[in-house]
$ cat final22.cif   # mmCIF, C-alpha atoms, pLDDT in the B column; chains and numbers go by the auth columns
data_final
loop_
_atom_site.group_PDB
_atom_site.id
_atom_site.type_symbol
_atom_site.label_atom_id
_atom_site.label_comp_id
_atom_site.label_asym_id
_atom_site.label_seq_id
_atom_site.Cartn_x
_atom_site.Cartn_y
_atom_site.Cartn_z
_atom_site.B_iso_or_equiv
_atom_site.auth_seq_id
_atom_site.auth_asym_id
ATOM 1 C CA GLY A 1 0.000 0.000 0.000 55.00 1 A
ATOM 2 C CA GLY A 2 0.087 3.646 -0.009 69.00 2 A
ATOM 3 C CA SER A 3 -0.145 6.172 2.766 73.00 3 A
ATOM 4 C CA GLY A 4 -3.894 5.781 3.409 80.00 4 A
ATOM 5 C CA LYS A 5 -5.198 8.926 1.692 83.00 5 A
ATOM 6 C CA GLN A 6 -8.230 7.193 0.184 87.00 6 A
ATOM 7 C CA SER A 7 -8.989 5.174 3.312 89.00 7 A
ATOM 8 C CA LEU A 8 -8.892 8.237 5.538 88.00 8 A
ATOM 9 C CA SER A 9 -11.014 10.204 3.062 90.00 9 A
ATOM 10 C CA LYS A 10 -13.663 7.468 3.028 93.00 10 A
ATOM 11 C CA LEU A 11 -13.604 7.296 6.837 92.00 11 A
ATOM 12 C CA ALA A 12 -14.039 11.076 7.093 91.00 12 A
ATOM 13 C CA ALA A 13 -16.960 10.967 4.649 94.00 13 A
ATOM 14 C CA HIS A 14 -18.604 8.179 6.631 95.00 14 A
ATOM 15 C CA LEU A 15 -18.179 10.078 9.903 94.00 15 A
ATOM 16 C CA CYS A 16 -19.808 13.124 8.295 95.00 16 A
ATOM 17 C CA GLY A 17 -22.712 11.021 6.966 96.00 17 A
ATOM 18 C CA MET A 18 -21.693 11.560 3.367 97.00 18 A
ATOM 19 C CA THR A 19 -21.751 9.176 0.429 97.00 19 A
ATOM 20 C CA THR A 20 -18.401 8.568 -1.255 97.00 20 A
ATOM 21 C CA TYR A 21 -18.463 8.681 -5.037 96.00 21 A
ATOM 22 C CA MET A 22 -15.511 7.474 -7.113 95.00 22 A
ATOM 23 C CA ILE A 23 -15.442 7.257 -10.866 93.00 23 A
ATOM 24 C CA VAL A 24 -14.559 3.906 -12.375 91.00 24 A
ATOM 25 C CA ILE A 25 -12.095 4.200 -15.218 90.00 25 A
ATOM 26 C CA SER A 26 -12.617 1.766 -18.062 88.00 26 A
ATOM 27 C CA GLY A 27 -11.237 1.611 -21.578 87.00 27 A
ATOM 28 C CA ASN A 28 -13.889 3.936 -22.970 91.00 28 A
ATOM 29 C CA TYR A 29 -14.155 6.366 -20.027 93.00 29 A
ATOM 30 C CA GLY A 30 -13.719 9.860 -21.427 93.00 30 A
ATOM 31 C CA ILE A 31 -14.762 13.453 -20.949 95.00 31 A
ATOM 32 C CA ASN A 32 -18.442 12.692 -21.639 95.00 32 A
ATOM 33 C CA SER A 33 -18.420 9.941 -19.008 95.00 33 A
ATOM 34 C CA LEU A 34 -16.927 12.366 -16.483 96.00 34 A
ATOM 35 C CA ARG A 35 -19.563 14.950 -17.423 96.00 35 A
ATOM 36 C CA GLU A 36 -22.326 12.379 -16.766 97.00 36 A
ATOM 37 C CA ASP A 37 -20.816 11.407 -13.408 97.00 37 A
ATOM 38 C CA LEU A 38 -20.524 15.060 -12.391 97.00 38 A
ATOM 39 C CA GLN A 39 -24.141 15.676 -13.419 98.00 39 A
ATOM 40 C CA LYS A 40 -25.264 12.811 -11.168 97.00 40 A
ATOM 41 C CA MET A 41 -23.244 14.170 -8.238 97.00 41 A
ATOM 42 C CA TYR A 42 -24.557 17.703 -8.782 98.00 42 A
ATOM 43 C CA LYS A 43 -28.167 16.496 -8.849 98.00 43 A
ATOM 44 C CA ARG A 44 -27.717 14.402 -5.709 97.00 44 A
ATOM 45 C CA ALA A 45 -26.033 17.278 -3.872 97.00 45 A
ATOM 46 C CA GLY A 46 -28.126 20.154 -5.221 97.00 46 A
ATOM 47 C CA VAL A 47 -31.596 18.725 -5.789 97.00 47 A
ATOM 48 C CA LYS A 48 -31.694 15.974 -3.159 97.00 48 A
ATOM 49 C CA GLY A 49 -29.456 17.786 -0.658 96.00 49 A
ATOM 50 C CA GLU A 50 -27.347 14.670 -0.164 97.00 50 A
ATOM 51 C CA GLY A 51 -23.825 14.980 1.220 97.00 51 A
ATOM 52 C CA ILE A 52 -21.421 13.700 -1.415 97.00 52 A
ATOM 53 C CA LEU A 53 -17.660 13.211 -1.240 97.00 53 A
ATOM 54 C CA PHE A 54 -16.160 13.042 -4.715 97.00 54 A
ATOM 55 C CA LEU A 55 -12.932 11.080 -4.297 95.00 55 A
ATOM 56 C CA PHE A 56 -10.647 11.560 -7.293 93.00 56 A
ATOM 57 C CA THR A 57 -7.083 10.362 -7.741 90.00 57 A
ATOM 58 C CA ASP A 58 -4.333 11.460 -10.105 88.00 58 A
ATOM 59 C CA SER A 59 -4.312 7.968 -11.614 88.00 59 A
ATOM 60 C CA GLN A 60 -7.879 8.585 -12.851 92.00 60 A
ATOM 61 C CA ILE A 61 -6.791 11.462 -15.078 91.00 61 A
ATOM 62 C CA THR A 62 -6.891 9.671 -18.405 91.00 62 A
ATOM 63 C CA ASP A 63 -7.464 12.957 -20.246 91.00 63 A
ATOM 64 C CA GLU A 64 -5.975 16.287 -19.135 91.00 64 A
ATOM 65 C CA LYS A 65 -9.327 17.898 -20.075 93.00 65 A
ATOM 66 C CA PHE A 66 -10.703 16.274 -16.897 94.00 66 A
ATOM 67 C CA LEU A 67 -8.758 18.892 -14.983 93.00 67 A
ATOM 68 C CA VAL A 68 -10.695 21.728 -16.639 94.00 68 A
ATOM 69 C CA PHE A 69 -13.883 20.398 -14.996 95.00 69 A
ATOM 70 C CA ILE A 70 -12.084 19.743 -11.707 94.00 70 A
ATOM 71 C CA ASN A 71 -10.573 23.231 -11.740 93.00 71 A
ATOM 72 C CA ASP A 72 -14.012 24.833 -12.254 94.00 72 A
ATOM 73 C CA LEU A 73 -15.540 22.633 -9.555 94.00 73 A
ATOM 74 C CA LEU A 74 -12.848 23.597 -7.065 92.00 74 A
ATOM 75 C CA SER A 75 -12.681 27.296 -7.901 92.00 75 A
ATOM 76 C CA SER A 76 -16.360 28.256 -8.021 92.00 76 A
ATOM 77 C CA GLY A 77 -18.492 25.146 -7.679 92.00 77 A
ATOM 78 C CA GLU A 78 -20.064 25.869 -11.038 94.00 78 A
ATOM 79 C CA ILE A 79 -18.936 24.077 -14.177 95.00 79 A
ATOM 80 C CA PRO A 80 -19.987 26.007 -17.298 93.00 80 A
ATOM 81 C CA ASP A 81 -22.133 24.015 -19.735 93.00 81 A
ATOM 82 C CA LEU A 82 -22.189 20.953 -17.488 96.00 82 A
ATOM 83 C CA PHE A 83 -25.914 20.583 -18.151 97.00 83 A
ATOM 84 C CA ALA A 84 -27.792 20.824 -21.431 96.00 84 A
ATOM 85 C CA ILE A 85 -30.393 23.615 -21.538 96.00 85 A
ATOM 86 C CA GLU A 86 -33.328 21.213 -21.062 97.00 86 A
ATOM 87 C CA ASP A 87 -31.618 19.535 -18.080 97.00 87 A
ATOM 88 C CA LYS A 88 -30.881 22.925 -16.552 97.00 88 A
ATOM 89 C CA ASP A 89 -34.551 23.921 -17.033 97.00 89 A
ATOM 90 C CA GLU A 90 -35.634 20.715 -15.288 97.00 90 A
ATOM 91 C CA ILE A 91 -33.354 21.474 -12.322 98.00 91 A
ATOM 92 C CA ILE A 92 -34.597 25.068 -12.135 97.00 92 A
ATOM 93 C CA ASN A 93 -38.225 23.910 -12.112 97.00 93 A
ATOM 94 C CA THR A 94 -37.443 21.329 -9.435 97.00 94 A
ATOM 95 C CA MET A 95 -35.858 24.014 -7.232 97.00 95 A
ATOM 96 C CA ARG A 96 -38.799 26.455 -7.428 96.00 96 A
ATOM 97 C CA GLY A 97 -40.556 25.032 -4.364 96.00 97 A
ATOM 98 C CA GLU A 98 -37.466 25.304 -2.156 96.00 98 A
ATOM 99 C CA VAL A 99 -36.707 28.779 -3.457 97.00 99 A
ATOM 100 C CA LYS A 100 -40.251 29.911 -2.694 96.00 100 A
ATOM 101 C CA ALA A 101 -40.117 28.310 0.769 96.00 101 A
ATOM 102 C CA ALA A 102 -36.889 30.245 1.416 95.00 102 A
ATOM 103 C CA GLY A 103 -38.776 33.467 0.665 96.00 103 A
ATOM 104 C CA LEU A 104 -36.863 34.229 -2.522 96.00 104 A
ATOM 105 C CA VAL A 105 -38.079 35.303 -5.937 95.00 105 A
ATOM 106 C CA GLU A 106 -38.644 32.324 -8.244 93.00 106 A
ATOM 107 C CA SER A 107 -36.672 33.623 -11.235 96.00 107 A
ATOM 108 C CA ARG A 108 -34.486 31.321 -13.327 96.00 108 A
ATOM 109 C CA GLU A 109 -31.313 32.973 -12.049 97.00 109 A
ATOM 110 C CA VAL A 110 -32.325 32.763 -8.396 97.00 110 A
ATOM 111 C CA CYS A 111 -33.365 29.102 -8.742 97.00 111 A
ATOM 112 C CA TRP A 112 -30.077 28.228 -10.469 97.00 112 A
ATOM 113 C CA ASP A 113 -28.008 30.117 -7.883 97.00 113 A
ATOM 114 C CA PHE A 114 -29.938 28.354 -5.108 97.00 114 A
ATOM 115 C CA PHE A 115 -29.100 24.999 -6.723 98.00 115 A
ATOM 116 C CA ILE A 116 -25.402 25.877 -7.116 97.00 116 A
ATOM 117 C CA ASN A 117 -25.220 27.049 -3.494 97.00 117 A
ATOM 118 C CA LYS A 118 -26.658 23.710 -2.365 98.00 118 A
ATOM 119 C CA VAL A 119 -24.045 21.952 -4.494 97.00 119 A
ATOM 120 C CA ARG A 120 -21.309 24.061 -2.880 96.00 120 A
ATOM 121 C CA THR A 121 -22.636 23.098 0.549 96.00 121 A
ATOM 122 C CA ASN A 122 -23.157 19.379 -0.089 97.00 122 A
ATOM 123 C CA LEU A 123 -20.545 18.326 -2.650 97.00 123 A
ATOM 124 C CA HIS A 124 -17.001 18.043 -1.352 95.00 124 A
ATOM 125 C CA MET A 125 -14.029 16.872 -3.337 94.00 125 A
ATOM 126 C CA VAL A 126 -10.920 15.036 -2.266 92.00 126 A
ATOM 127 C CA PHE A 127 -8.204 14.965 -4.897 88.00 127 A
ATOM 128 C CA THR A 128 -5.461 12.553 -3.911 86.00 128 A
ATOM 129 C CA CYS A 129 -2.201 12.728 -5.750 83.00 129 A
ATOM 130 C CA SER A 130 1.480 12.212 -5.369 78.00 130 A
ATOM 131 C CA PRO A 131 3.434 15.483 -5.213 75.00 131 A
ATOM 132 C CA VAL A 132 6.494 13.678 -6.540 78.00 132 A
ATOM 133 C CA GLY A 133 7.503 14.344 -10.123 79.00 133 A
ATOM 134 C CA GLU A 134 7.094 16.879 -12.868 87.00 134 A
ATOM 135 C CA GLN A 135 3.428 16.112 -13.598 86.00 135 A
ATOM 136 C CA PHE A 136 2.125 17.507 -10.298 82.00 136 A
ATOM 137 C CA ARG A 137 4.089 20.756 -10.710 84.00 137 A
ATOM 138 C CA VAL A 138 2.869 21.295 -14.286 87.00 138 A
ATOM 139 C CA ARG A 139 -0.755 20.562 -13.400 87.00 139 A
ATOM 140 C CA ALA A 140 -0.630 22.872 -10.385 84.00 140 A
ATOM 141 C CA GLN A 141 0.641 25.693 -12.599 87.00 141 A
ATOM 142 C CA ARG A 142 -1.964 25.130 -15.321 89.00 142 A
ATOM 143 C CA PHE A 143 -4.937 24.503 -13.009 88.00 143 A
ATOM 144 C CA LEU A 144 -4.545 26.994 -10.181 84.00 144 A
ATOM 145 C CA ALA A 145 -7.589 25.869 -8.196 86.00 145 A
ATOM 146 C CA MET A 146 -5.721 22.641 -7.380 83.00 146 A
ATOM 147 C CA ILE A 147 -3.626 24.784 -5.038 81.00 147 A
ATOM 148 C CA ASN A 148 -5.615 27.990 -4.414 84.00 148 A
ATOM 149 C CA SER A 149 -8.990 26.396 -3.686 84.00 149 A
ATOM 150 C CA THR A 150 -7.937 23.408 -1.636 80.00 150 A
ATOM 151 C CA VAL A 151 -6.591 22.433 1.729 80.00 151 A
ATOM 152 C CA ILE A 152 -3.438 20.408 1.333 74.00 152 A
ATOM 153 C CA ASP A 153 -2.806 17.593 3.791 73.00 153 A
ATOM 154 C CA TRP A 154 0.685 16.153 3.554 70.00 154 A
ATOM 155 C CA PHE A 155 0.850 12.486 4.493 66.00 155 A
ATOM 156 C CA GLN A 156 4.146 11.511 6.039 64.00 156 A
ATOM 157 C CA PRO A 157 5.382 7.965 6.813 61.00 157 A
ATOM 158 C CA TRP A 158 3.736 6.449 9.888 57.00 158 A
#

$ encode --input "final22.cif" --output "structure tokens"
Amino acid sequence: GGSGKQSLSKLAAHLCGMTTYMIVISGNYGINSLREDLQKMYKRAGVKGEGILFLFTDSQITDEKFLVFINDLLSSGEIPDLFAIEDKDEIINTMRGEVKAAGLVESREVCWDFFINKVRTNLHMVFTCSPVGEQFRVRAQRFLAMINSTVIDWFQPW
């Protein structure tokens, strides 16, 4: 084994009553598969209000474009064009009741912002990686949220 990053992340999620979600990389897993997985996590966190821990490792980066989504998720919580217009409309309509109950105006923008705020509250990401080597340095320079929008826990030998 490793240093226990994934095990401790799963334990922390369990203690917080959250569901751990890991993507499963297969031969045909690509950017569209990641988009679908992120959509599922966003709906569970934003519509259902479920606590989700998205556990992602550097070995799961089969396409560097994955890091564009991860960077947006970490920096603002909102990934542009994650949802098709009709899916976004469905989410907005689903959120109207909660928005009204919160005493807010039921406009499209307010409903979407309410959804994104619930995602920010309920969806947490753990990105485990090895800081050794050139790849980590290059990725950290290209995708600034990996450093600026995270808490870094260094795991030392036991």

$ residues_around --input "final22.cif" --residues "segment 51-58 of chain A" --least-positions-apart "3" --cutoff "8 Å" --atoms "all atoms listed in the file" --output "list of chain:residue names"
A:Gln6, A:Ser9, A:Ala13, A:Gly17, A:Met18, A:Thr19, A:Thr20, A:Tyr21, A:Met22, A:Ile23, A:Met41, A:Arg44, A:Ala45, A:Ile61, A:Asn122, A:Leu123, A:His124, A:Met125, A:Val126, A:Phe127, A:Thr128, A:Cys129, A:Ser130

$ write_last_selection --input "final22.cif" --atoms "C-alpha atoms" --output "CSV table (one decimal), in the frame of the given file"
chain,number,residue,atom,x,y,z
A,6,GLN,CA,-8.2,7.2,0.2
A,9,SER,CA,-11.0,10.2,3.1
A,13,ALA,CA,-17.0,11.0,4.6
A,17,GLY,CA,-22.7,11.0,7.0
A,18,MET,CA,-21.7,11.6,3.4
A,19,THR,CA,-21.8,9.2,0.4
A,20,THR,CA,-18.4,8.6,-1.3
A,21,TYR,CA,-18.5,8.7,-5.0
A,22,MET,CA,-15.5,7.5,-7.1
A,23,ILE,CA,-15.4,7.3,-10.9
A,41,MET,CA,-23.2,14.2,-8.2
A,44,ARG,CA,-27.7,14.4,-5.7
A,45,ALA,CA,-26.0,17.3,-3.9
A,61,ILE,CA,-6.8,11.5,-15.1
A,122,ASN,CA,-23.2,19.4,-0.1
A,123,LEU,CA,-20.5,18.3,-2.6
A,124,HIS,CA,-17.0,18.0,-1.4
A,125,MET,CA,-14.0,16.9,-3.3
A,126,VAL,CA,-10.9,15.0,-2.3
A,127,PHE,CA,-8.2,15.0,-4.9
A,128,THR,CA,-5.5,12.6,-3.9
A,129,CYS,CA,-2.2,12.7,-5.8
A,130,SER,CA,1.5,12.2,-5.4

$ atom_distance --input "final22.cif" --atom1 "atom CA of Phe83 of chain A" --atom2 "atom CA of Leu38 of chain A"
9.6 Å

$ atom_distance --input "final22.cif" --atom1 "atom CA of Asp63 of chain A" --atom2 "atom CA of Gly77 of chain A"
20.7 Å

$ atom_distance --input "final22.cif" --atom1 "atom CA of Ile25 of chain A" --atom2 "atom CA of Asp37 of chain A"
11.5 Å

$ residues_around --input "final22.cif" --residues "Ser76 of chain A" --least-positions-apart "5" --cutoff "9 Å" --atoms "all atoms listed in the file" --output "list in words"
Asn71, Arg120 and Ser149 of chain A

$ residues_near_point --input "final22.cif" --point "(-11.1, 10.0, -16.2)" --cutoff "9 Å" --atoms "all atoms listed in the file" --output "list of chain:residue names"
A:Ile23, A:Val24, A:Ile25, A:Ser26, A:Tyr29, A:Gly30, A:Ile31, A:Ser33, A:Leu34, A:Ser59, A:Gln60, A:Ile61, A:Thr62, A:Asp63, A:Glu64, A:Lys65, A:Phe66

$ closest_residue --input "final22.cif" --among "A:Ala140, A:Leu82, A:Cys16, A:Val105" --to "Lys43 of chain A" --atoms "only C-alpha atoms"
A:Leu82

$ resolve_selection --input "final22.cif" --expression "the PyMOL selection byres ((chain A and resi 78) around 10)" --output "short mmCIF file (atom, residue, chain, number, x, y, z; two decimals) with C-alpha atoms, in the frame of the given file"
data_model
loop_
_atom_site.label_atom_id
_atom_site.label_comp_id
_atom_site.auth_asym_id
_atom_site.auth_seq_id
_atom_site.Cartn_x
_atom_site.Cartn_y
_atom_site.Cartn_z
CA TYR A 42 -24.56 17.70 -8.78
CA PHE A 69 -13.88 20.40 -15.00
CA ASN A 71 -10.57 23.23 -11.74
CA ASP A 72 -14.01 24.83 -12.25
CA LEU A 73 -15.54 22.63 -9.56
CA LEU A 74 -12.85 23.60 -7.06
CA SER A 75 -12.68 27.30 -7.90
CA SER A 76 -16.36 28.26 -8.02
CA GLY A 77 -18.49 25.15 -7.68
CA ILE A 79 -18.94 24.08 -14.18
CA PRO A 80 -19.99 26.01 -17.30
CA ASP A 81 -22.13 24.02 -19.74
CA LEU A 82 -22.19 20.95 -17.49
CA ASP A 113 -28.01 30.12 -7.88
CA ILE A 116 -25.40 25.88 -7.12
CA ASN A 117 -25.22 27.05 -3.49
CA VAL A 119 -24.04 21.95 -4.49
CA ARG A 120 -21.31 24.06 -2.88
#

$ closest_residue --input "final22.cif" --among "A:Cys111, A:Ile70, A:Ala84, A:Gly46" --to "Arg96 of chain A" --atoms "only C-alpha atoms"
A:Cys111

$ closest_residue --input "final22.cif" --among "A:Val151, A:Leu144, A:Leu11, A:Val47" --to "Glu98 of chain A" --atoms "only C-alpha atoms"
A:Val47
